[in-house]
file start-v7.txt (compact mmCIF, C-alpha atoms)
# COMPACT_ATOMS: atom_id res chain seq x y z
CA MET A 410 103.42 -67.62 59.65
CA SER A 411 103.02 -71.08 61.17
CA ALA A 412 106.72 -71.83 60.75
CA LEU A 413 107.68 -68.49 62.31
CA LEU A 414 105.37 -69.09 65.25
CA LEU A 415 106.80 -72.60 65.74
CA ALA A 416 110.33 -71.20 65.58
CA ALA A 417 109.43 -68.60 68.21
CA ILE A 418 107.99 -71.29 70.47
CA LEU A 419 111.07 -73.48 70.10
CA THR A 420 113.39 -70.54 70.74
CA ALA A 421 111.51 -69.62 73.90
CA TRP A 422 111.53 -73.26 74.99
CA LEU A 423 115.29 -73.63 74.50
CA GLY A 424 115.93 -70.36 76.29
CA ILE A 425 113.84 -71.27 79.32
CA TRP A 426 113.83 -75.08 79.65
CA GLY A 427 116.90 -76.07 77.68
CA PRO A 428 117.20 -78.84 75.06
CA ILE A 429 114.05 -80.70 74.10
CA SER A 430 113.82 -84.35 75.07
CA PRO A 431 111.27 -86.82 73.68
CA GLU A 432 109.74 -87.20 77.15
CA SER A 433 109.21 -83.46 77.64
CA LEU A 434 108.04 -83.03 74.07
CA SER A 435 105.32 -85.64 74.55
CA ARG A 436 104.04 -83.77 77.59
CA TRP A 437 103.71 -80.51 75.60
CA GLN A 438 102.47 -82.10 72.38
CA THR A 439 98.88 -80.90 72.89
CA LEU A 440 99.97 -77.31 73.56
CA ILE A 441 102.30 -77.25 70.55
CA GLY A 442 99.55 -78.65 68.34
CA ALA A 443 97.09 -76.05 69.62
CA CYS A 444 99.58 -73.25 68.92
CA ILE A 445 100.20 -74.50 65.40
CA THR A 446 96.44 -74.77 64.82
CA ALA A 447 95.93 -71.24 66.16
CA ALA A 448 98.64 -70.00 63.84
CA GLY A 449 96.92 -71.69 60.90
CA VAL A 450 93.58 -70.14 61.85
CA PHE A 451 95.24 -66.73 62.15
CA VAL A 452 96.84 -67.06 58.70
CA ALA A 453 93.56 -68.22 57.15
CA ALA A 454 91.61 -65.38 58.76
CA HIS A 455 94.22 -62.89 57.61
CA ASN A 456 94.01 -64.16 54.04
CA VAL A 457 90.21 -64.09 54.05
CA THR A 458 90.20 -60.55 55.44
CA ARG A 459 92.69 -59.44 52.82
CA GLN A 460 90.59 -61.01 50.06
CA MET A 461 87.45 -59.33 51.39
CA ARG A 462 89.18 -55.95 51.44
CA ALA A 463 90.47 -56.50 47.91
CA ALA A 464 86.98 -57.42 46.74
CA ALA A 465 85.51 -54.33 48.43
CA ARG A 466 88.12 -52.13 46.76
CA ALA A 467 87.38 -53.75 43.40
CA ARG A 468 83.64 -53.10 43.83
CA GLU A 469 84.30 -49.49 44.78
CA GLU A 470 86.60 -49.07 41.78
CA ASP A 471 83.92 -50.50 39.48
CA ARG A 472 81.30 -48.18 40.99
CA LEU A 473 83.49 -45.11 40.51
CA GLU A 474 84.31 -46.08 36.93
CA ARG A 475 80.58 -46.42 36.31
CA ASP A 476 79.40 -43.33 38.18
CA ILE A 477 81.95 -40.70 37.18
CA PRO A 478 80.96 -40.56 33.47
CA GLY A 479 77.30 -40.35 34.51
CA LEU A 480 78.02 -37.51 36.91
CA GLN A 481 79.99 -35.77 34.18
CA SER A 482 77.07 -36.08 31.73
CA ALA A 483 74.70 -34.58 34.31
CA ARG A 484 77.07 -31.69 34.93
CA VAL A 485 77.38 -31.02 31.19
CA LEU A 486 73.59 -30.96 30.84
CA ILE A 487 73.24 -28.53 33.72
CA GLY A 488 76.10 -26.46 32.31
CA SER A 489 74.14 -25.97 29.09
CA ILE A 490 71.25 -24.49 31.08
CA THR A 491 72.75 -22.43 33.91
CA PRO A 492 74.26 -19.58 31.82
CA MET A 493 70.74 -18.41 30.92
CA LEU A 494 69.57 -18.59 34.52
CA LEU A 495 71.80 -15.73 35.62
CA PRO A 496 70.88 -12.03 35.43
CA PRO A 497 70.06 -10.25 33.18
CA PHE A 498 68.20 -13.30 31.84
CA GLY A 499 64.63 -13.67 33.00
CA HIS A 500 62.25 -16.53 33.71
CA THR A 501 61.30 -17.04 30.05
CA ASP A 502 64.99 -17.38 29.18
CA GLY A 503 65.26 -20.13 31.77
CA LEU A 504 62.43 -22.04 30.12
CA LYS A 505 64.09 -21.58 26.73
CA ALA A 506 67.42 -22.83 28.09
CA ILE A 507 65.77 -26.00 29.39
CA GLU A 508 64.13 -26.53 26.00
CA TYR A 509 67.40 -25.88 24.17
CA ALA A 510 69.03 -28.57 26.34
CA GLY A 511 66.70 -31.10 24.72
CA ILE A 512 64.05 -31.27 27.45
CA THR A 513 60.77 -30.80 25.61
CA HIS A 514 58.31 -32.48 27.98
CA HIS A 515 58.98 -31.10 31.43
CA ARG A 516 55.37 -31.31 32.60
CA GLY A 517 55.12 -34.71 34.26
CA GLY A 518 57.68 -36.39 32.04
CA LEU A 519 60.87 -34.68 33.11
CA LEU A 520 62.41 -37.76 34.70
CA LYS A 521 61.87 -39.78 31.52
CA GLU A 522 63.50 -36.98 29.53
CA LEU A 523 66.53 -37.15 31.80
CA GLU A 524 66.67 -40.93 31.47
CA ARG A 525 66.95 -40.36 27.74
CA LEU A 526 69.45 -37.49 27.91
CA ILE A 527 71.73 -38.72 30.70
CA PRO A 528 71.17 -42.50 30.90
CA ALA A 529 74.58 -43.15 32.51
CA ALA A 530 73.89 -40.85 35.47
CA PRO A 531 72.99 -42.53 38.78
CA ASP A 532 69.25 -42.71 39.40
CA GLN A 533 69.44 -40.41 42.43
CA VAL A 534 71.32 -37.79 40.41
CA ARG A 535 68.62 -37.84 37.72
CA ARG A 536 65.99 -37.43 40.42
CA ASP A 537 67.89 -34.53 41.98
CA VAL A 538 68.26 -32.77 38.62
CA SER A 539 64.60 -33.45 37.86
CA GLY A 540 63.59 -31.82 41.15
CA HIS A 541 65.68 -28.71 40.55
CA LEU A 542 64.49 -28.29 36.95
CA SER A 543 60.88 -28.89 37.97
CA ALA A 544 61.13 -26.10 40.53
CA ILE A 545 62.58 -23.71 37.95
CA CYS A 546 59.88 -24.56 35.40
CA HIS A 547 57.09 -24.31 37.96
CA HIS A 548 58.08 -20.88 39.27
CA ALA A 549 58.86 -19.56 35.78
CA GLU A 550 55.53 -20.69 34.33
CA ARG A 551 53.63 -19.45 37.37
CA LYS A 552 55.33 -16.08 37.11
CA GLU A 553 54.50 -15.85 33.41
CA TRP A 554 50.85 -16.72 34.11
CA CYS A 555 50.62 -14.04 36.79
CA LEU A 556 52.18 -11.42 34.53
CA ASP A 557 49.87 -12.34 31.66
CA TYR A 558 46.82 -12.23 33.92
CA ILE A 559 47.77 -8.84 35.32
CA ARG A 560 48.30 -7.48 31.79
CA ARG A 561 44.90 -8.76 30.68
CA VAL A 562 43.23 -7.21 33.73
CA GLU A 563 44.92 -3.88 33.09
CA SER A 564 43.87 -3.97 29.43
CA GLY A 565 40.30 -4.86 30.35
CA ALA A 566 40.47 -8.27 28.73
CA ALA A 567 39.90 -10.07 32.06
CA THR A 568 38.11 -9.39 35.31
CA GLY A 569 40.14 -8.49 38.36
CA GLU A 570 38.59 -10.96 40.81
CA HIS A 571 41.93 -12.80 41.21
CA LEU A 572 44.14 -9.75 40.87
CA VAL A 573 45.19 -9.62 44.53
CA SER A 574 46.06 -13.32 44.54
CA ALA A 575 47.95 -12.96 41.25
CA ARG A 576 50.05 -10.12 42.61
CA GLN A 577 50.83 -12.11 45.76
CA GLN A 578 51.85 -15.13 43.70
CA LEU A 579 53.94 -12.91 41.45
CA ASP A 580 55.80 -11.54 44.46
CA ALA A 581 56.43 -15.09 45.67
CA CYS A 582 57.70 -16.17 42.24
CA GLU A 583 60.02 -13.16 42.14
CA ARG A 584 61.77 -14.70 45.15
CA GLN A 585 61.35 -18.39 44.41
CA TYR A 586 62.52 -18.43 40.78
CA PRO A 587 66.02 -17.00 41.53
CA GLU A 588 66.28 -19.36 44.50
CA ALA A 589 65.47 -22.35 42.29
CA CYS A 590 68.08 -21.21 39.76
CA ALA A 591 70.67 -20.77 42.51
CA ASN A 592 69.89 -24.26 43.84
CA LEU A 593 70.55 -25.81 40.42
CA ILE A 594 73.83 -23.91 40.09
CA ALA A 595 74.86 -25.02 43.57
CA TYR A 596 74.00 -28.61 42.69
CA SER A 597 76.22 -28.36 39.61
CA GLU A 598 79.08 -27.23 41.83
CA GLN A 599 78.34 -30.14 44.16
CA LEU A 600 78.58 -32.54 41.22
CA THR A 601 81.92 -30.99 40.28
CA ARG A 602 83.33 -31.63 43.76
CA ARG A 603 81.91 -35.15 43.73
CA ILE A 604 83.58 -35.87 40.38
CA VAL A 605 86.93 -34.57 41.63
CA ARG A 606 86.73 -36.66 44.81
CA GLY A 607 85.75 -39.71 42.79
CA ARG A 608 88.67 -39.32 40.39
CA VAL A 609 91.13 -38.91 43.24
CA ARG A 610 89.71 -41.95 45.03
CA LEU A 611 89.83 -43.99 41.83
CA LEU A 612 93.47 -43.03 41.27
CA LEU A 613 94.37 -44.07 44.82
CA LEU A 614 92.58 -47.41 44.43
CA ARG A 615 94.39 -48.14 41.18
CA ARG A 616 97.76 -47.29 42.71
CA GLU A 617 97.04 -49.50 45.70
CA HIS A 618 96.04 -52.34 43.39
CA GLU A 619 99.23 -51.94 41.36
CA ARG A 620 101.30 -51.87 44.55
CA GLN A 621 99.74 -55.14 45.71
CA LEU A 622 100.53 -56.72 42.37
CA GLY A 623 104.08 -55.46 42.58
CA LEU A 624 103.83 -53.37 39.40

call {"tool": "encode", "arguments": {"input": "start-v7.txt", "output": "structure tokens"}}
result
Amino acid sequence: MSALLLAAILTAWLGIWGPISPESLSRWQTLIGACITAAGVFVAAHNVTRQMRAAARAREEDRLERDIPGLQSARVLIGSITPMLLPPFGHTDGLKAIEYAGITHHRGGLLKELERLIPAAPDQVRRDVSGHLSAICHHAERKEWCLDYIRRVESGAATGEHLVSARQQLDACERQYPEACANLIAYSEQLTRRIVRGRVRLLLLRREHERQLGL
């Protein structure tokens, strides 16, 4: 780049002022030196910028290679649960599906269970899955408690002092449990799209890297 810039300066000089003499060259020595220095700075800055971009691409490639398997493991775990969340399955089937997936301590220890089952998944993904599963378990267990209480009241095994509240909570759970199931299914679809985008981005980064290496 410096040589090209110097050649351009000399060409412009010859075209405008004619042949270079030692006397005229000494008068423009400072300007020529400054131009060559500027060219060197430009080349150095360009190289540093290129290296920084290459390093950023390498970090992104490493992140994708690390995250994609974790996202895939989270999607597989959710995929083992979601079939039993759809009608005609009920709230107890949802609890059984979560237990069949290997989650045995969902009361207060769900995040630790997910750290054991999907350790490669990003921390935020585990927290998201934990939140969705917690909502499903909460509404399912609350619905089961309300149904059991209402049955005991109707059979005379319990007093009806909380019957109105139990029916209200049951109505709320009838809405909230399907919504929680739908949210988990939607999150699984979101993970699928994220995995696809990550794989495409990773492929593009690898091709760009190979192109820079001339492979």

call {"tool": "closest_residue", "arguments": {"input": "start-v7.txt", "among": "A:Ala566, A:Ile545, A:Ile507, A:Leu612", "to": "Ala591 of chain A", "atoms": "all atoms listed in the file"}}
result
A:Ile545

call {"tool": "residues_around", "arguments": {"input": "start-v7.txt", "residues": "Leu593 of chain A", "least_positions_apart": "3", "cutoff": "8 Å", "atoms": "only C-alpha atoms", "output": "PyMOL selection string"}}
result
chain A and resi 487+491+538+541-542+589-590+596-597

call {"tool": "residues_around", "arguments": {"input": "start-v7.txt", "residues": "Tyr509 of chain A", "least_positions_apart": "3", "cutoff": "12 Å", "atoms": "all atoms listed in the file", "output": "PDB file with C-alpha atoms, in the frame of the given file"}}
result
ATOM      1  CA  LEU A 486      73.590 -30.960  30.840  1.00  0.00           C
ATOM      2  CA  ILE A 487      73.240 -28.530  33.720  1.00  0.00           C
ATOM      3  CA  GLY A 488      76.100 -26.460  32.310  1.00  0.00           C
ATOM      4  CA  SER A 489      74.140 -25.970  29.090  1.00  0.00           C
ATOM      5  CA  ILE A 490      71.250 -24.490  31.080  1.00  0.00           C
ATOM      6  CA  THR A 491      72.750 -22.430  33.910  1.00  0.00           C
ATOM      7  CA  MET A 493      70.740 -18.410  30.920  1.00  0.00           C
ATOM      8  CA  ASP A 502      64.990 -17.380  29.180  1.00  0.00           C
ATOM      9  CA  GLY A 503      65.260 -20.130  31.770  1.00  0.00           C
ATOM     10  CA  LEU A 504      62.430 -22.040  30.120  1.00  0.00           C
ATOM     11  CA  LYS A 505      64.090 -21.580  26.730  1.00  0.00           C
ATOM     12  CA  ALA A 506      67.420 -22.830  28.090  1.00  0.00           C
ATOM     13  CA  ILE A 512      64.050 -31.270  27.450  1.00  0.00           C
ATOM     14  CA  THR A 513      60.770 -30.800  25.610  1.00  0.00           C
ATOM     15  CA  HIS A 514      58.310 -32.480  27.980  1.00  0.00           C
TER      16      HIS A 514
END

call {"tool": "atom_distance", "arguments": {"input": "start-v7.txt", "atom1": "atom CA of Ala510 of chain A", "atom2": "atom CA of Ala530 of chain A"}}
result
16.1 Å

call {"tool": "closest_residue", "arguments": {"input": "start-v7.txt", "among": "A:Glu470, A:Asp537, A:Ala465, A:His500", "to": "Arg616 of chain A", "atoms": "all atoms listed in the file"}}
result
A:Glu470

call {"tool": "closest_residue", "arguments": {"input": "start-v7.txt", "among": "A:Tyr558, A:Asp476, A:Glu583, A:Cys546", "to": "Glu570 of chain A", "atoms": "all atoms listed in the file"}}
result
A:Tyr558

call {"tool": "atom_distance", "arguments": {"input": "start-v7.txt", "atom1": "atom CA of Ala544 of chain A", "atom2": "atom CA of Ser574 of chain A"}}
result
20.2 Å

call {"tool": "build_atoms", "arguments": {"input": "start-v7.txt", "residues": "segment 491-516 of chain A", "atoms": "N, CA and C atoms", "output": "PDB file, in the frame of the given file"}}
result
ATOM      1  N   THR A 491      72.502 -23.451  32.876  1.00  0.00           N
ATOM      2  CA  THR A 491      72.750 -22.430  33.910  1.00  0.00           C
ATOM      3  C   THR A 491      73.170 -21.054  33.382  1.00  0.00           C
ATOM      4  N   PRO A 492      73.889 -20.935  32.250  1.00  0.00           N
ATOM      5  CA  PRO A 492      74.260 -19.580  31.820  1.00  0.00           C
ATOM      6  C   PRO A 492      73.051 -18.665  31.595  1.00  0.00           C
ATOM      7  N   MET A 493      71.918 -19.225  31.181  1.00  0.00           N
ATOM      8  CA  MET A 493      70.740 -18.410  30.920  1.00  0.00           C
ATOM      9  C   MET A 493      69.850 -18.262  32.141  1.00  0.00           C
ATOM     10  N   LEU A 494      70.315 -18.768  33.269  1.00  0.00           N
ATOM     11  CA  LEU A 494      69.570 -18.590  34.520  1.00  0.00           C
ATOM     12  C   LEU A 494      70.069 -17.393  35.316  1.00  0.00           C
ATOM     13  N   LEU A 495      71.185 -16.843  34.893  1.00  0.00           N
ATOM     14  CA  LEU A 495      71.800 -15.730  35.620  1.00  0.00           C
ATOM     15  C   LEU A 495      71.301 -14.403  35.069  1.00  0.00           C
ATOM     16  N   PRO A 496      71.244 -13.363  35.921  1.00  0.00           N
ATOM     17  CA  PRO A 496      70.880 -12.030  35.430  1.00  0.00           C
ATOM     18  C   PRO A 496      71.842 -11.607  34.335  1.00  0.00           C
ATOM     19  N   PRO A 497      71.379 -10.900  33.309  1.00  0.00           N
ATOM     20  CA  PRO A 497      70.060 -10.250  33.180  1.00  0.00           C
ATOM     21  C   PRO A 497      68.986 -11.121  32.560  1.00  0.00           C
ATOM     22  N   PHE A 498      69.218 -12.437  32.435  1.00  0.00           N
ATOM     23  CA  PHE A 498      68.200 -13.300  31.840  1.00  0.00           C
ATOM     24  C   PHE A 498      67.024 -13.441  32.796  1.00  0.00           C
ATOM     25  N   GLY A 499      65.840 -13.560  32.204  1.00  0.00           N
ATOM     26  CA  GLY A 499      64.630 -13.670  33.000  1.00  0.00           C
ATOM     27  C   GLY A 499      64.067 -15.086  33.007  1.00  0.00           C
ATOM     28  N   HIS A 500      62.848 -15.200  33.543  1.00  0.00           N
ATOM     29  CA  HIS A 500      62.250 -16.530  33.710  1.00  0.00           C
ATOM     30  C   HIS A 500      61.956 -17.203  32.373  1.00  0.00           C
ATOM     31  N   THR A 501      61.570 -16.429  31.352  1.00  0.00           N
ATOM     32  CA  THR A 501      61.300 -17.040  30.050  1.00  0.00           C
ATOM     33  C   THR A 501      62.595 -17.555  29.410  1.00  0.00           C
ATOM     34  N   ASP A 502      63.704 -16.885  29.692  1.00  0.00           N
ATOM     35  CA  ASP A 502      64.990 -17.380  29.180  1.00  0.00           C
ATOM     36  C   ASP A 502      65.356 -18.699  29.828  1.00  0.00           C
ATOM     37  N   GLY A 503      64.996 -18.872  31.096  1.00  0.00           N
ATOM     38  CA  GLY A 503      65.260 -20.130  31.770  1.00  0.00           C
ATOM     39  C   GLY A 503      64.487 -21.278  31.123  1.00  0.00           C
ATOM     40  N   LEU A 504      63.224 -21.025  30.792  1.00  0.00           N
ATOM     41  CA  LEU A 504      62.430 -22.040  30.120  1.00  0.00           C
ATOM     42  C   LEU A 504      63.012 -22.374  28.747  1.00  0.00           C
ATOM     43  N   LYS A 505      63.483 -21.345  28.042  1.00  0.00           N
ATOM     44  CA  LYS A 505      64.090 -21.580  26.730  1.00  0.00           C
ATOM     45  C   LYS A 505      65.375 -22.391  26.867  1.00  0.00           C
ATOM     46  N   ALA A 506      66.171 -22.095  27.890  1.00  0.00           N
ATOM     47  CA  ALA A 506      67.420 -22.830  28.090  1.00  0.00           C
ATOM     48  C   ALA A 506      67.154 -24.296  28.334  1.00  0.00           C
ATOM     49  N   ILE A 507      66.121 -24.602  29.121  1.00  0.00           N
ATOM     50  CA  ILE A 507      65.770 -26.000  29.390  1.00  0.00           C
ATOM     51  C   ILE A 507      65.316 -26.689  28.108  1.00  0.00           C
ATOM     52  N   GLU A 508      64.567 -25.958  27.274  1.00  0.00           N
ATOM     53  CA  GLU A 508      64.130 -26.530  26.000  1.00  0.00           C
ATOM     54  C   GLU A 508      65.304 -26.722  25.057  1.00  0.00           C
ATOM     55  N   TYR A 509      66.226 -25.751  25.029  1.00  0.00           N
ATOM     56  CA  TYR A 509      67.400 -25.880  24.170  1.00  0.00           C
ATOM     57  C   TYR A 509      68.279 -27.063  24.577  1.00  0.00           C
ATOM     58  N   ALA A 510      68.240 -27.426  25.845  1.00  0.00           N
ATOM     59  CA  ALA A 510      69.030 -28.570  26.340  1.00  0.00           C
ATOM     60  C   ALA A 510      68.455 -29.907  25.890  1.00  0.00           C
ATOM     61  N   GLY A 511      67.310 -29.881  25.231  1.00  0.00           N
ATOM     62  CA  GLY A 511      66.700 -31.100  24.720  1.00  0.00           C
ATOM     63  C   GLY A 511      65.541 -31.606  25.550  1.00  0.00           C
ATOM     64  N   ILE A 512      65.150 -30.854  26.582  1.00  0.00           N
ATOM     65  CA  ILE A 512      64.050 -31.270  27.450  1.00  0.00           C
ATOM     66  C   ILE A 512      62.779 -30.596  26.924  1.00  0.00           C
ATOM     67  N   THR A 513      61.962 -31.363  26.251  1.00  0.00           N
ATOM     68  CA  THR A 513      60.770 -30.800  25.610  1.00  0.00           C
ATOM     69  C   THR A 513      59.486 -31.110  26.355  1.00  0.00           C
ATOM     70  N   HIS A 514      59.508 -32.097  27.237  1.00  0.00           N
ATOM     71  CA  HIS A 514      58.310 -32.480  27.980  1.00  0.00           C
ATOM     72  C   HIS A 514      58.612 -32.422  29.472  1.00  0.00           C
ATOM     73  N   HIS A 515      58.646 -31.216  30.017  1.00  0.00           N
ATOM     74  CA  HIS A 515      58.980 -31.100  31.430  1.00  0.00           C
ATOM     75  C   HIS A 515      57.760 -31.177  32.336  1.00  0.00           C
ATOM     76  N   ARG A 516      56.580 -31.208  31.783  1.00  0.00           N
ATOM     77  CA  ARG A 516      55.370 -31.310  32.600  1.00  0.00           C
ATOM     78  C   ARG A 516      55.019 -32.788  32.806  1.00  0.00           C
TER      79      ARG A 516
END
